[in-house]
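**Student:** So that we are looking at the same thing, I have put the structure below in structure tokens.
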Amino acid sequence: MTRQIIQTDKAPQAIGTYSQAVRVDRTVYLSGQIPLVPETMTIIEGDISAQITQVFDNLQAVAEAAGGDFSDIVKLNVFLTDLAHFPIVNEIMGHYFQAPYPARAVVQVAALPKAAGVEMDAIMVLKPQEYPAS
């Protein structure tokens, strides 16, 4: 088993003892992202829509750093401090994902780091590399 740590400056730096993502063979485990702006490491200003969009942008940056994109995500976990925001997640998710959609879980939690309203993590399976015939 080969483990590769994924790190990019285009997503918030880890605020604890974890990596942004870990790749094992073609599977990438993306750590939870909250709506931190990478350049300032502060929560994005605005409503929950702005927070959800920032989280998707952060996940996208980590996915790209690992060599994939959202079409490679097979499982998405969404944590909300208020399930009333579930329709907003669906609406914004539709801008980032196309069918076939990944498996997904959405749960309400009591609190998230830095008082964020949303956090998401994901599992991604990268497409096999195609090599030119020799």
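Letters A, B, ... mark the chains of the structure tokens in the order given; residue numbers begin at 1 per chain; ligand numbers begin at 1, in order shown.
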Residues near range 67-81 of chain A, anyone? I mean within 6 Å using only C-alpha atoms, not counting same-chain ones fewer than 2 positions away, as a list of chain:residue names.
**Tutor:**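 Listed by chain and then number, they are A:Ala63, A:Glu64, A:Ala65, A:Pro102, A:Ala103, A:Arg104, A:Ala105, A:Val106, A:Val107, A:Gln108, A:Val109, A:Ala110, A:Ala111, A:Gly117, A:Val118, A:Glu119, A:Met120, A:Asp121, A:Ala122, A:Ile123, A:Met124, A:Val125, A:Leu126.
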**Student:** Name the residues in contact with Asp25 in chain A at a cut-off of 10 Å, using only C-alpha atoms, excluding same-chain residues fewer than 3 positions from it; report them as a ChimeraX atom specification.
**Tutor:** /A:1-4,22,28,125-126
**Student:** Set the distance at 12 Å and use only C-alpha atoms: which residues neighbour Pro87 in chain A once local chain neighbours fewer than 6 positions away are removed? I'd like the list as a CSV table (one decimal) with all heavy atoms, in the first residue's frame.
**Tutor:**
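Final output, saved to around_27.csv:
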chain,number,residue,atom,x,y,z
A,48,ILE,N,-25.4,31.2,4.3
A,48,ILE,CA,-25.0,29.8,4.2
A,48,ILE,C,-24.7,29.5,2.8
A,48,ILE,O,-23.9,28.6,2.5
A,48,ILE,CB,-26.1,28.9,4.8
A,48,ILE,CG1,-25.6,27.5,5.0
A,48,ILE,CG2,-27.4,29.0,4.0
A,48,ILE,CD1,-24.5,27.3,6.0
A,49,SER,N,-25.3,30.1,1.8
A,49,SER,CA,-25.0,29.8,0.4
A,49,SER,C,-23.5,30.1,0.1
A,49,SER,O,-22.8,29.4,-0.6
A,49,SER,CB,-25.9,30.7,-0.5
A,49,SER,OG,-27.2,30.3,-0.4
A,52,ILE,N,-21.5,27.3,1.8
A,52,ILE,CA,-21.6,26.0,1.0
A,52,ILE,C,-20.7,26.1,-0.3
A,52,ILE,O,-20.0,25.2,-0.6
A,52,ILE,CB,-23.0,25.7,0.7
A,52,ILE,CG1,-23.8,25.4,2.0
A,52,ILE,CG2,-23.1,24.5,-0.3
A,52,ILE,CD1,-25.3,25.3,1.8
A,80,LEU,N,-24.3,19.7,8.5
A,80,LEU,CA,-24.9,21.0,8.6
A,80,LEU,C,-25.3,21.3,10.1
A,80,LEU,O,-25.7,20.4,10.8
A,80,LEU,CB,-26.2,21.1,7.8
A,80,LEU,CG,-26.0,21.0,6.2
A,80,LEU,CD1,-27.4,20.8,5.6
A,80,LEU,CD2,-25.4,22.3,5.7
A,93,MET,N,-25.0,22.1,-5.0
A,93,MET,CA,-24.4,20.9,-5.5
A,93,MET,C,-24.6,20.7,-7.0
A,93,MET,O,-23.7,20.2,-7.7
A,93,MET,CB,-24.8,19.7,-4.6
A,93,MET,CG,-24.1,18.5,-4.9
A,93,MET,SD,-24.6,17.2,-3.8
A,93,MET,CE,-23.8,15.8,-4.5
A,94,GLY,N,-25.8,21.1,-7.4
A,94,GLY,CA,-26.1,20.9,-8.8
A,94,GLY,C,-25.2,21.7,-9.8
A,94,GLY,O,-25.2,21.4,-11.0
A,106,VAL,N,-26.2,13.4,4.5
A,106,VAL,CA,-26.4,14.8,5.0
A,106,VAL,C,-26.9,14.6,6.4
A,106,VAL,O,-27.9,14.0,6.7
A,106,VAL,CB,-27.3,15.6,4.2
A,106,VAL,CG1,-27.4,17.0,4.8
A,106,VAL,CG2,-26.8,15.7,2.8
**Student:** Which polymer residues have any atom within 8 Å of an atom of Val62 in chain A, counting only C-alpha atoms, with same-chain residues fewer than 5 positions away left out, as a ChimeraX atom specification?
**Tutor:** /A:6-8,10-11,20-21,30
**Student:** May I have all residues of range 21-127 of chain A that DSSP, computed from the backbone, assigns to strand (DSSP E), given as a PyMOL selection string?
**Tutor:** chain A and resi 21-24+27-33+36-37+42-43+73-80+103-108+118-125
**Student:** Give me, as an MDAnalysis selection string, the residues of chain A that a backbone DSSP run labels alpha helix (DSSP H).
**Tutor:** chainID A and resid 48:65 86:96
**Student:** In Å, with one decimal, what is the gap from CA of Thr17 in chain A to CA of Thr53 in chain A?
**Tutor:** 24.9 Å
**Student:** If I take CA of Ala61 in chain A and CA of Val37 in chain A, how far is one from the other in Å, to one decimal?
**Tutor:**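 CA of Ala61 in chain A sits 11.9 Å away from CA of Val37 in chain A.
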**Student:** Kindly give the distance, in Å, that separates CA of Ala115 in chain A and CA of Ala66 in chain A, rounded to a single decimal.
**Tutor:**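 It comes out at 27.9 Å.
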